[in-house]
>>> print(open('entry20.pdb').read())   # PDB, C-alpha atoms, pLDDT in the B column
MODEL        1
ATOM      1  CA  GLN Z 114       0.000   0.000   0.000  1.00 52.00           C
ATOM      2  CA  GLN Z 115       1.279   3.435  -0.853  1.00 59.00           C
ATOM      3  CA  GLN Z 116       1.981   5.359   2.319  1.00 88.00           C
ATOM      4  CA  VAL Z 117       3.577   8.573   3.402  1.00 94.00           C
ATOM      5  CA  LYS Z 118       4.587   8.823   7.053  1.00 95.00           C
ATOM      6  CA  GLN Z 119       4.756  12.265   8.649  1.00 96.00           C
ATOM      7  CA  SER Z 120       6.207  13.491  11.948  1.00 96.00           C
ATOM      8  CA  PRO Z 121       5.802  15.078  14.388  1.00 96.00           C
ATOM      9  CA  GLN Z 122       2.049  15.076  14.897  1.00 95.00           C
ATOM     10  CA  SER Z 123       2.277  18.476  16.589  1.00 96.00           C
ATOM     11  CA  LEU Z 124       4.976  21.107  16.908  1.00 98.00           C
ATOM     12  CA  ILE Z 125       5.293  24.237  19.012  1.00 98.00           C
ATOM     13  CA  VAL Z 126       7.874  26.834  18.003  1.00 98.00           C
ATOM     14  CA  GLN Z 127       8.697  30.302  19.236  1.00 98.00           C
ATOM     15  CA  LYS Z 128       8.365  33.250  16.886  1.00 98.00           C
ATOM     16  CA  GLY Z 129      11.531  33.598  14.832  1.00 97.00           C
ATOM     17  CA  GLY Z 130      12.489  29.954  15.259  1.00 98.00           C
ATOM     18  CA  ILE Z 131      12.817  27.198  12.654  1.00 98.00           C
ATOM     19  CA  SER Z 132       9.979  24.707  12.193  1.00 98.00           C
ATOM     20  CA  ILE Z 133      10.943  21.321  10.751  1.00 98.00           C
ATOM     21  CA  ILE Z 134       8.471  18.676   9.625  1.00 98.00           C
ATOM     22  CA  ASN Z 135       9.600  15.323   8.265  1.00 98.00           C
ATOM     23  CA  CYS Z 136       8.108  12.775   5.905  1.00 98.00           C
ATOM     24  CA  ALA Z 137       9.148   9.339   4.690  1.00 97.00           C
ATOM     25  CA  TYR Z 138       7.844   7.219   1.838  1.00 95.00           C
ATOM     26  CA  GLU Z 139       8.276   3.731   0.422  1.00 92.00           C
ATOM     27  CA  ASN Z 140       7.028   3.841  -3.142  1.00 87.00           C
ATOM     28  CA  THR Z 141       9.816   4.802  -5.548  1.00 86.00           C
ATOM     29  CA  ALA Z 142       7.218   5.498  -8.244  1.00 86.00           C
ATOM     30  CA  PHE Z 143       6.163   8.744  -6.562  1.00 89.00           C
ATOM     31  CA  ASP Z 144       6.983  11.542  -8.987  1.00 87.00           C
ATOM     32  CA  TYR Z 145       6.269  14.762  -7.085  1.00 92.00           C
ATOM     33  CA  PHE Z 146       6.328  15.735  -3.419  1.00 95.00           C
ATOM     34  CA  PRO Z 147       4.150  18.700  -2.470  1.00 96.00           C
ATOM     35  CA  TRP Z 148       3.439  20.295   0.897  1.00 97.00           C
ATOM     36  CA  TYR Z 149       0.043  21.705   1.732  1.00 97.00           C
ATOM     37  CA  GLN Z 150      -0.979  24.228   4.392  1.00 98.00           C
ATOM     38  CA  GLN Z 151      -4.407  24.156   5.994  1.00 96.00           C
ATOM     39  CA  PHE Z 152      -5.978  26.725   8.307  1.00 95.00           C
ATOM     40  CA  PRO Z 153      -8.863  25.697  10.601  1.00 91.00           C
ATOM     41  CA  GLY Z 154     -12.153  25.262   8.768  1.00 88.00           C
ATOM     42  CA  LYS Z 155     -10.556  25.742   5.345  1.00 91.00           C
ATOM     43  CA  GLY Z 156      -9.379  23.485   2.566  1.00 94.00           C
ATOM     44  CA  PRO Z 157      -5.636  22.837   2.184  1.00 96.00           C
ATOM     45  CA  ALA Z 158      -3.603  24.974  -0.207  1.00 96.00           C
ATOM     46  CA  LEU Z 159      -0.409  24.058  -2.030  1.00 96.00           C
ATOM     47  CA  LEU Z 160       2.595  25.629  -0.359  1.00 96.00           C
ATOM     48  CA  ILE Z 161       5.613  24.268  -2.231  1.00 96.00           C
ATOM     49  CA  ALA Z 162       6.499  21.143  -4.220  1.00 95.00           C
ATOM     50  CA  ILE Z 163       9.649  19.328  -5.318  1.00 94.00           C
ATOM     51  CA  ARG Z 164      10.589  16.724  -7.925  1.00 91.00           C
ATOM     52  CA  PRO Z 165      12.701  13.711  -6.877  1.00 89.00           C
ATOM     53  CA  ASP Z 166      15.644  14.798  -9.075  1.00 91.00           C
ATOM     54  CA  VAL Z 167      16.119  17.959  -6.989  1.00 92.00           C
ATOM     55  CA  SER Z 168      17.646  17.941  -3.495  1.00 94.00           C
ATOM     56  CA  GLU Z 169      16.347  21.276  -2.289  1.00 96.00           C
ATOM     57  CA  LYS Z 170      13.786  23.895  -3.230  1.00 96.00           C
ATOM     58  CA  LYS Z 171      13.316  27.244  -1.518  1.00 97.00           C
ATOM     59  CA  GLU Z 172      10.436  29.686  -1.764  1.00 96.00           C
ATOM     60  CA  GLY Z 173      10.716  32.597   0.619  1.00 97.00           C
ATOM     61  CA  ARG Z 174      10.883  31.272   4.183  1.00 97.00           C
ATOM     62  CA  PHE Z 175       9.832  27.758   3.101  1.00 97.00           C
ATOM     63  CA  THR Z 176      12.371  25.131   2.006  1.00 97.00           C
ATOM     64  CA  ILE Z 177      11.919  21.492   1.031  1.00 96.00           C
ATOM     65  CA  SER Z 178      14.911  19.217   1.522  1.00 96.00           C
ATOM     66  CA  PHE Z 179      14.758  15.924  -0.371  1.00 95.00           C
ATOM     67  CA  ASN Z 180      16.879  12.818   0.246  1.00 95.00           C
ATOM     68  CA  LYS Z 181      16.123  10.303  -2.486  1.00 93.00           C
ATOM     69  CA  SER Z 182      18.362   7.517  -1.171  1.00 93.00           C
ATOM     70  CA  ALA Z 183      16.770   7.711   2.284  1.00 95.00           C
ATOM     71  CA  LYS Z 184      13.283   8.189   0.825  1.00 95.00           C
ATOM     72  CA  GLN Z 185      12.726  11.166   3.079  1.00 96.00           C
ATOM     73  CA  PHE Z 186      11.811  14.789   2.612  1.00 97.00           C
ATOM     74  CA  SER Z 187      11.257  17.643   4.997  1.00 98.00           C
ATOM     75  CA  LEU Z 188       9.770  21.114   5.213  1.00 98.00           C
ATOM     76  CA  HIS Z 189      11.733  23.869   6.924  1.00 98.00           C
ATOM     77  CA  ILE Z 190      10.016  27.107   7.861  1.00 98.00           C
ATOM     78  CA  MET Z 191      12.568  29.767   8.667  1.00 98.00           C
ATOM     79  CA  ASP Z 192      11.792  32.739  10.916  1.00 98.00           C
ATOM     80  CA  SER Z 193       8.466  31.139  11.891  1.00 98.00           C
ATOM     81  CA  GLN Z 194       5.614  33.590  12.485  1.00 98.00           C
ATOM     82  CA  PRO Z 195       2.328  33.266  14.415  1.00 97.00           C
ATOM     83  CA  GLY Z 196       0.549  33.491  11.039  1.00 97.00           C
ATOM     84  CA  ASP Z 197       2.265  30.234  10.057  1.00 98.00           C
ATOM     85  CA  SER Z 198       0.228  28.415  12.710  1.00 98.00           C
ATOM     86  CA  ALA Z 199      -1.684  25.827  10.703  1.00 97.00           C
ATOM     87  CA  THR Z 200      -1.737  22.146   9.847  1.00 97.00           C
ATOM     88  CA  TYR Z 201       0.850  21.049   7.312  1.00 98.00           C
ATOM     89  CA  PHE Z 202       0.541  17.969   5.128  1.00 97.00           C
ATOM     90  CA  CYS Z 203       3.211  16.347   3.059  1.00 97.00           C
ATOM     91  CA  ALA Z 204       2.077  14.356   0.051  1.00 96.00           C
ATOM     92  CA  ALA Z 205       3.350  12.333  -2.865  1.00 94.00           C
ATOM     93  CA  SER Z 206       1.863  11.920  -6.316  1.00 91.00           C
ATOM     94  CA  THR Z 207       1.747   8.893  -8.557  1.00 83.00           C
ATOM     95  CA  ARG Z 208       0.656   8.363 -12.111  1.00 71.00           C
ATOM     96  CA  GLY Z 209      -0.952   4.973 -12.574  1.00 62.00           C
ATOM     97  CA  GLU Z 210      -1.149   3.234 -15.943  1.00 58.00           C
ATOM     98  CA  THR Z 211      -4.826   2.389 -15.611  1.00 59.00           C
ATOM     99  CA  SER Z 212      -5.951   4.181 -12.469  1.00 60.00           C
ATOM    100  CA  GLY Z 213      -4.842   7.707 -13.278  1.00 69.00           C
ATOM    101  CA  SER Z 214      -2.934  10.134 -11.104  1.00 83.00           C
ATOM    102  CA  ARG Z 215      -3.523  10.729  -7.425  1.00 90.00           C
ATOM    103  CA  LEU Z 216      -1.994  12.155  -4.253  1.00 92.00           C
ATOM    104  CA  THR Z 217      -1.217  10.256  -1.071  1.00 93.00           C
ATOM    105  CA  PHE Z 218      -1.108  12.462   2.031  1.00 94.00           C
ATOM    106  CA  GLY Z 219       0.757  12.188   5.296  1.00 94.00           C
ATOM    107  CA  GLU Z 220      -1.106  12.348   8.579  1.00 94.00           C
ATOM    108  CA  GLY Z 221      -0.504  16.064   9.114  1.00 95.00           C
ATOM    109  CA  THR Z 222       1.434  18.216  11.596  1.00 97.00           C
ATOM    110  CA  GLN Z 223      -0.283  20.864  13.662  1.00 96.00           C
ATOM    111  CA  LEU Z 224       2.161  23.766  13.965  1.00 98.00           C
ATOM    112  CA  THR Z 225       1.750  26.426  16.628  1.00 98.00           C
ATOM    113  CA  VAL Z 226       4.047  29.449  16.584  1.00 98.00           C
ATOM    114  CA  ASN Z 227       3.990  31.333  19.864  1.00 97.00           C
ATOM    115  CA  PRO Z 228       4.461  35.112  19.779  1.00 94.00           C
TER     116      PRO Z 228
ATOM    117  CA  ASP K 291     -13.624  34.446  -9.436  1.00 56.00           C
ATOM    118  CA  GLY K 292     -12.246  30.996 -10.198  1.00 66.00           C
ATOM    119  CA  GLY K 293     -12.308  28.199  -7.682  1.00 93.00           C
ATOM    120  CA  ILE K 294     -14.122  25.285  -6.135  1.00 96.00           C
ATOM    121  CA  THR K 295     -17.372  25.565  -4.269  1.00 96.00           C
ATOM    122  CA  GLN K 296     -18.767  23.021  -1.870  1.00 96.00           C
ATOM    123  CA  SER K 297     -22.181  23.243  -0.374  1.00 90.00           C
ATOM    124  CA  PRO K 298     -23.434  23.283   2.214  1.00 91.00           C
ATOM    125  CA  LYS K 299     -20.679  24.111   4.720  1.00 93.00           C
ATOM    126  CA  TYR K 300     -22.462  22.209   7.506  1.00 94.00           C
ATOM    127  CA  LEU K 301     -24.807  19.277   7.000  1.00 94.00           C
ATOM    128  CA  PHE K 302     -26.745  17.290   9.564  1.00 94.00           C
ATOM    129  CA  ARG K 303     -28.447  13.993   8.851  1.00 92.00           C
ATOM    130  CA  LYS K 304     -30.068  11.167  10.715  1.00 91.00           C
ATOM    131  CA  GLU K 305     -28.536   7.726  10.636  1.00 91.00           C
ATOM    132  CA  GLY K 306     -29.862   5.601   7.770  1.00 90.00           C
ATOM    133  CA  GLN K 307     -30.292   8.486   5.341  1.00 91.00           C
ATOM    134  CA  ASN K 308     -28.276   8.966   2.176  1.00 93.00           C
ATOM    135  CA  VAL K 309     -26.851  12.440   1.683  1.00 94.00           C
ATOM    136  CA  THR K 310     -25.261  14.095  -1.360  1.00 95.00           C
ATOM    137  CA  LEU K 311     -22.444  16.618  -1.064  1.00 96.00           C
ATOM    138  CA  SER K 312     -22.028  19.117  -3.859  1.00 96.00           C
ATOM    139  CA  CYS K 313     -18.745  20.074  -5.535  1.00 97.00           C
ATOM    140  CA  GLU K 314     -18.487  22.504  -8.442  1.00 97.00           C
ATOM    141  CA  GLN K 315     -15.374  23.959 -10.090  1.00 97.00           C
ATOM    142  CA  ASN K 316     -14.863  26.641 -12.736  1.00 96.00           C
ATOM    143  CA  LEU K 317     -11.122  26.098 -13.151  1.00 95.00           C
ATOM    144  CA  ASN K 318     -11.619  24.027 -16.308  1.00 94.00           C
ATOM    145  CA  HIS K 319      -9.830  21.106 -14.644  1.00 94.00           C
ATOM    146  CA  ASP K 320     -10.346  17.603 -15.964  1.00 94.00           C
ATOM    147  CA  ALA K 321      -9.459  15.833 -12.717  1.00 94.00           C
ATOM    148  CA  MET K 322     -11.522  15.970  -9.527  1.00 96.00           C
ATOM    149  CA  TYR K 323     -11.137  14.296  -6.148  1.00 96.00           C
ATOM    150  CA  TRP K 324     -13.018  13.634  -2.926  1.00 98.00           C
ATOM    151  CA  TYR K 325     -11.211  13.326   0.396  1.00 97.00           C
ATOM    152  CA  ARG K 326     -12.310  12.608   3.906  1.00 97.00           C
ATOM    153  CA  GLN K 327     -10.487  14.288   6.777  1.00 95.00           C
ATOM    154  CA  ASP K 328     -10.554  12.972  10.332  1.00 92.00           C
ATOM    155  CA  PRO K 329      -8.381  14.265  13.196  1.00 82.00           C
ATOM    156  CA  GLY K 330      -4.902  12.721  13.141  1.00 75.00           C
ATOM    157  CA  GLN K 331      -5.514  10.775   9.916  1.00 79.00           C
ATOM    158  CA  GLY K 332      -4.672  13.248   7.233  1.00 88.00           C
ATOM    159  CA  LEU K 333      -6.652  13.324   4.016  1.00 94.00           C
ATOM    160  CA  ARG K 334      -7.858   9.985   2.738  1.00 95.00           C
ATOM    161  CA  LEU K 335      -8.925   9.605  -0.878  1.00 95.00           C
ATOM    162  CA  ILE K 336     -12.496   8.409  -1.403  1.00 97.00           C
ATOM    163  CA  TYR K 337     -12.991   8.662  -5.183  1.00 97.00           C
ATOM    164  CA  TYR K 338     -11.317  10.453  -8.035  1.00 95.00           C
ATOM    165  CA  SER K 339     -12.108  11.203 -11.639  1.00 95.00           C
ATOM    166  CA  GLN K 340      -9.671  12.004 -14.424  1.00 92.00           C
ATOM    167  CA  ILE K 341     -12.312  12.750 -17.030  1.00 92.00           C
ATOM    168  CA  VAL K 342     -16.063  13.076 -17.500  1.00 94.00           C
ATOM    169  CA  ASN K 343     -18.018   9.809 -17.203  1.00 95.00           C
ATOM    170  CA  ASP K 344     -15.076   8.011 -15.598  1.00 93.00           C
ATOM    171  CA  PHE K 345     -14.005   7.638 -11.976  1.00 95.00           C
ATOM    172  CA  GLN K 346     -11.924   5.340  -9.792  1.00 94.00           C
ATOM    173  CA  LYS K 347     -12.177   4.178  -6.208  1.00 95.00           C
ATOM    174  CA  GLY K 348      -9.695   5.620  -3.776  1.00 94.00           C
ATOM    175  CA  ASP K 349      -8.541   4.097  -0.509  1.00 93.00           C
ATOM    176  CA  ILE K 350     -11.836   4.304   1.407  1.00 95.00           C
ATOM    177  CA  ALA K 351     -14.618   4.073  -1.205  1.00 96.00           C
ATOM    178  CA  GLU K 352     -16.890   1.686   0.712  1.00 96.00           C
ATOM    179  CA  GLY K 353     -20.191   3.321   1.585  1.00 96.00           C
ATOM    180  CA  TYR K 354     -19.736   6.184  -0.898  1.00 97.00           C
ATOM    181  CA  SER K 355     -20.749   6.753  -4.514  1.00 97.00           C
ATOM    182  CA  VAL K 356     -19.999   9.453  -7.083  1.00 98.00           C
ATOM    183  CA  SER K 357     -20.961  10.558 -10.569  1.00 97.00           C
ATOM    184  CA  ARG K 358     -19.170  12.686 -13.131  1.00 97.00           C
ATOM    185  CA  GLU K 359     -21.696  13.709 -15.752  1.00 97.00           C
ATOM    186  CA  LYS K 360     -20.250  17.189 -16.253  1.00 97.00           C
ATOM    187  CA  LYS K 361     -16.691  18.463 -16.194  1.00 97.00           C
ATOM    188  CA  GLU K 362     -17.582  21.089 -13.606  1.00 97.00           C
ATOM    189  CA  SER K 363     -19.387  18.853 -11.140  1.00 98.00           C
ATOM    190  CA  PHE K 364     -18.421  15.838  -9.015  1.00 98.00           C
ATOM    191  CA  PRO K 365     -21.099  15.123  -6.385  1.00 97.00           C
ATOM    192  CA  LEU K 366     -20.443  12.640  -3.581  1.00 97.00           C
ATOM    193  CA  THR K 367     -23.203  10.551  -2.016  1.00 97.00           C
ATOM    194  CA  VAL K 368     -22.643   9.243   1.473  1.00 96.00           C
ATOM    195  CA  THR K 369     -24.875   6.198   1.736  1.00 94.00           C
ATOM    196  CA  SER K 370     -26.379   4.566   4.780  1.00 89.00           C
ATOM    197  CA  ALA K 371     -23.818   1.778   4.292  1.00 89.00           C
ATOM    198  CA  GLN K 372     -20.992   4.069   5.413  1.00 89.00           C
ATOM    199  CA  LYS K 373     -20.379   2.971   9.007  1.00 90.00           C
ATOM    200  CA  ASN K 374     -18.885   6.181  10.331  1.00 91.00           C
ATOM    201  CA  PRO K 375     -19.931   9.058   8.043  1.00 94.00           C
ATOM    202  CA  THR K 376     -19.374  11.979  10.419  1.00 95.00           C
ATOM    203  CA  ALA K 377     -16.316  13.804   9.040  1.00 95.00           C
ATOM    204  CA  PHE K 378     -15.010  16.809   7.147  1.00 96.00           C
ATOM    205  CA  TYR K 379     -15.259  16.209   3.385  1.00 97.00           C
ATOM    206  CA  LEU K 380     -13.027  18.007   0.925  1.00 97.00           C
ATOM    207  CA  CYS K 381     -13.319  18.229  -2.833  1.00 98.00           C
ATOM    208  CA  ALA K 382     -10.364  19.131  -5.042  1.00 97.00           C
ATOM    209  CA  SER K 383      -9.492  19.506  -8.700  1.00 96.00           C
ATOM    210  CA  SER K 384      -6.355  19.611 -10.815  1.00 94.00           C
ATOM    211  CA  SER K 385      -5.026  19.419 -14.316  1.00 89.00           C
ATOM    212  CA  PRO K 386      -4.308  15.734 -15.064  1.00 79.00           C
ATOM    213  CA  ASP K 387      -0.620  16.464 -15.722  1.00 81.00           C
ATOM    214  CA  ARG K 388      -0.239  18.453 -12.475  1.00 86.00           C
ATOM    215  CA  THR K 389      -1.765  16.072  -9.964  1.00 85.00           C
ATOM    216  CA  TYR K 390       0.521  17.447  -7.233  1.00 89.00           C
ATOM    217  CA  GLU K 391      -1.127  20.860  -7.569  1.00 92.00           C
ATOM    218  CA  GLN K 392      -4.659  20.320  -6.325  1.00 94.00           C
ATOM    219  CA  TYR K 393      -7.079  23.118  -5.590  1.00 95.00           C
ATOM    220  CA  PHE K 394      -9.376  22.442  -2.666  1.00 97.00           C
ATOM    221  CA  GLY K 395     -12.831  23.656  -1.830  1.00 96.00           C
ATOM    222  CA  PRO K 396     -13.739  24.966   1.648  1.00 95.00           C
ATOM    223  CA  GLY K 397     -15.118  21.605   2.720  1.00 96.00           C
ATOM    224  CA  THR K 398     -18.408  20.280   4.077  1.00 96.00           C
ATOM    225  CA  ARG K 399     -18.666  19.140   7.666  1.00 95.00           C
ATOM    226  CA  LEU K 400     -21.159  16.285   7.821  1.00 95.00           C
ATOM    227  CA  THR K 401     -22.632  15.204  11.135  1.00 95.00           C
ATOM    228  CA  VAL K 402     -24.749  12.063  11.272  1.00 93.00           C
ATOM    229  CA  THR K 403     -26.629  11.256  14.493  1.00 91.00           C
TER     230      THR K 403
ENDMDL
END
>>> encode(input="entry20.pdb", output="structure tokens")
Amino acid sequence: QQQVKQSPQSLIVQKGGISIINCAYENTAFDYFPWYQQFPGKGPALLIAIRPDVSEKKEGRFTISFNKSAKQFSLHIMDSQPGDSATYFCAASTRGETSGSRLTFGEGTQLTVNP
Amino acid sequence: DGGITQSPKYLFRKEGQNVTLSCEQNLNHDAMYWYRQDPGQGLRLIYYSQIVNDFQKGDIAEGYSVSREKKESFPLTVTSAQKNPTAFYLCASSSPDRTYEQYFGPGTRLTVT
């Protein structure tokens, strides 16, 4: 079964600190690794995504680090702000021959940034 | 204003009743998805559709049904066979070649008592 494992389940960081969320996967057929951000009562929104042939991608304060050999990837939020408080999901996409393309999500990390 | 709409935001039903959740998109996306979200379990895929008149079961399709008669619409029916239907349901869409970039609706919170 395709799975993506995410940790920690919850994270508390002080304003200005670095938030780090980790994910691990098994299926080497995954072809894209996005991160989504979800605020309470809202749908998730794409934050940043990386391909498996790239080791790092940075967009503003958000960076994905990707380790293909270890089958792990992580999200780093630099200079964390109270407005970053949300639930973060890692995910991985596959393209099936007969079943089409889909995303598999991790369990989510609830991030709280204290002022 | 492009996006995905889900209605209603809150839905209450009695046990044993079927209920249909609406999902409409005006992003001209071919692919649409239904997810169920429960605390601590992430988003689990119920059904997805890559094109009109075609759809596939996701990981937790039992007790649910869908139709895809129009590109813009992908309604989800929660049947009385679903053992634990109370949850937050999310609809999403994407271009088929950019599955990683899904656009989500605001969700429908279904409570069955």
>>> closest_residue(input="entry20.pdb", among="Z:Ile125, Z:Met191, Z:Ala204, Z:Cys136", to="chain K", atoms="only C-alpha atoms")
Z:Ala204
>>> residues_around(input="entry20.pdb", residues="Z:Gly130", least_positions_apart="3", cutoff="10 Å", atoms="all atoms listed in the file", output="JSON, numbers by chain")
{"Z": [125, 126, 127, 133, 190, 191, 192, 193, 194, 226, 227]}
>>> atom_distance(input="entry20.pdb", atom1="atom CA of K:Leu333", atom2="atom CA of Z:Pro228")
29.1 Å
>>> resolve_selection(input="entry20.pdb", expression="the PyMOL selection byres ((chain Z and resi 162-165) around 6)", output="ChimeraX atom specification")
/Z:145-147,161,166-167
>>> resolve_selection(input="entry20.pdb", expression="the ChimeraX specification (/K :<10) & /Z", output="JSON, numbers by chain")
{"Z": [114, 115, 119, 122, 123, 144, 145, 146, 147, 148, 149, 154, 155, 156, 157, 158, 159, 160, 161, 162, 163, 200, 201, 202, 203, 204, 205, 206, 207, 208, 211, 212, 213, 214, 215, 216, 217, 218, 219, 220, 221, 222, 223]}
>>> resolve_selection(input="entry20.pdb", expression="the PyMOL selection byres ((chain Z and resi 178) around 9)", output="list in words")
Ile163, Val167, Ser168, Glu169, Lys170, Lys171, Thr176, Ile177, Phe179, Asn180, Gln185, Phe186, Ser187, Leu188 and His189 of chain Z
>>> atom_distance(input="entry20.pdb", atom1="atom CA of Z:Pro121", atom2="atom CA of Z:Ser182")
21.4 Å
>>> decode(input="entry20.pdb", residues="stretch 148-163 of chain Z", atoms="N, CA, C and O atoms", output="CSV table (one decimal), in the first residue's frame")
chain,number,residue,atom,x,y,z
Z,148,TRP,N,3.9,20.0,-0.5
Z,148,TRP,CA,3.4,20.3,0.9
Z,148,TRP,C,2.2,21.2,0.8
Z,148,TRP,O,2.2,22.2,0.0
Z,149,TYR,N,1.3,20.9,1.7
Z,149,TYR,CA,0.0,21.7,1.7
Z,149,TYR,C,-0.1,22.3,3.1
Z,149,TYR,O,0.3,21.7,4.1
Z,150,GLN,N,-0.7,23.5,3.2
Z,150,GLN,CA,-1.0,24.2,4.4
Z,150,GLN,C,-2.5,24.4,4.6
Z,150,GLN,O,-3.2,24.7,3.6
Z,151,GLN,N,-3.0,24.1,5.8
Z,151,GLN,CA,-4.4,24.2,6.0
Z,151,GLN,C,-4.7,24.9,7.3
Z,151,GLN,O,-4.2,24.6,8.3
Z,152,PHE,N,-5.5,26.0,7.1
Z,152,PHE,CA,-6.0,26.7,8.3
Z,152,PHE,C,-7.3,26.1,8.8
Z,152,PHE,O,-8.1,25.6,8.0
Z,153,PRO,N,-7.6,26.3,10.1
Z,153,PRO,CA,-8.9,25.7,10.6
Z,153,PRO,C,-10.1,26.1,9.8
Z,153,PRO,O,-10.3,27.2,9.5
Z,154,GLY,N,-10.9,25.1,9.5
Z,154,GLY,CA,-12.2,25.3,8.8
Z,154,GLY,C,-12.0,25.6,7.3
Z,154,GLY,O,-13.0,25.8,6.6
Z,155,LYS,N,-10.8,25.5,6.8
Z,155,LYS,CA,-10.6,25.7,5.3
Z,155,LYS,C,-10.0,24.5,4.6
Z,155,LYS,O,-9.6,23.5,5.3
Z,156,GLY,N,-10.0,24.5,3.3
Z,156,GLY,CA,-9.4,23.5,2.6
Z,156,GLY,C,-7.9,23.7,2.5
Z,156,GLY,O,-7.4,24.9,2.6
Z,157,PRO,N,-7.1,22.7,2.3
Z,157,PRO,CA,-5.6,22.8,2.2
Z,157,PRO,C,-5.3,23.6,0.9
Z,157,PRO,O,-6.0,23.7,0.0
Z,158,ALA,N,-4.1,24.2,1.0
Z,158,ALA,CA,-3.6,25.0,-0.2
Z,158,ALA,C,-2.2,24.6,-0.4
Z,158,ALA,O,-1.4,24.4,0.5
Z,159,LEU,N,-1.8,24.4,-1.7
Z,159,LEU,CA,-0.4,24.1,-2.0
Z,159,LEU,C,0.5,25.2,-1.6
Z,159,LEU,O,0.4,26.3,-1.9
Z,160,LEU,N,1.6,24.7,-0.9
Z,160,LEU,CA,2.6,25.6,-0.4
Z,160,LEU,C,3.9,25.6,-1.2
Z,160,LEU,O,4.3,26.6,-1.7
Z,161,ILE,N,4.4,24.4,-1.5
Z,161,ILE,CA,5.6,24.3,-2.2
Z,161,ILE,C,5.7,22.8,-2.6
Z,161,ILE,O,5.2,21.9,-2.0
Z,162,ALA,N,6.4,22.5,-3.8
Z,162,ALA,CA,6.5,21.1,-4.2
Z,162,ALA,C,7.9,20.9,-4.8
Z,162,ALA,O,8.5,21.9,-5.3
Z,163,ILE,N,8.3,19.7,-4.8
Z,163,ILE,CA,9.6,19.3,-5.3
Z,163,ILE,C,9.6,18.1,-6.1
Z,163,ILE,O,8.8,17.2,-5.8
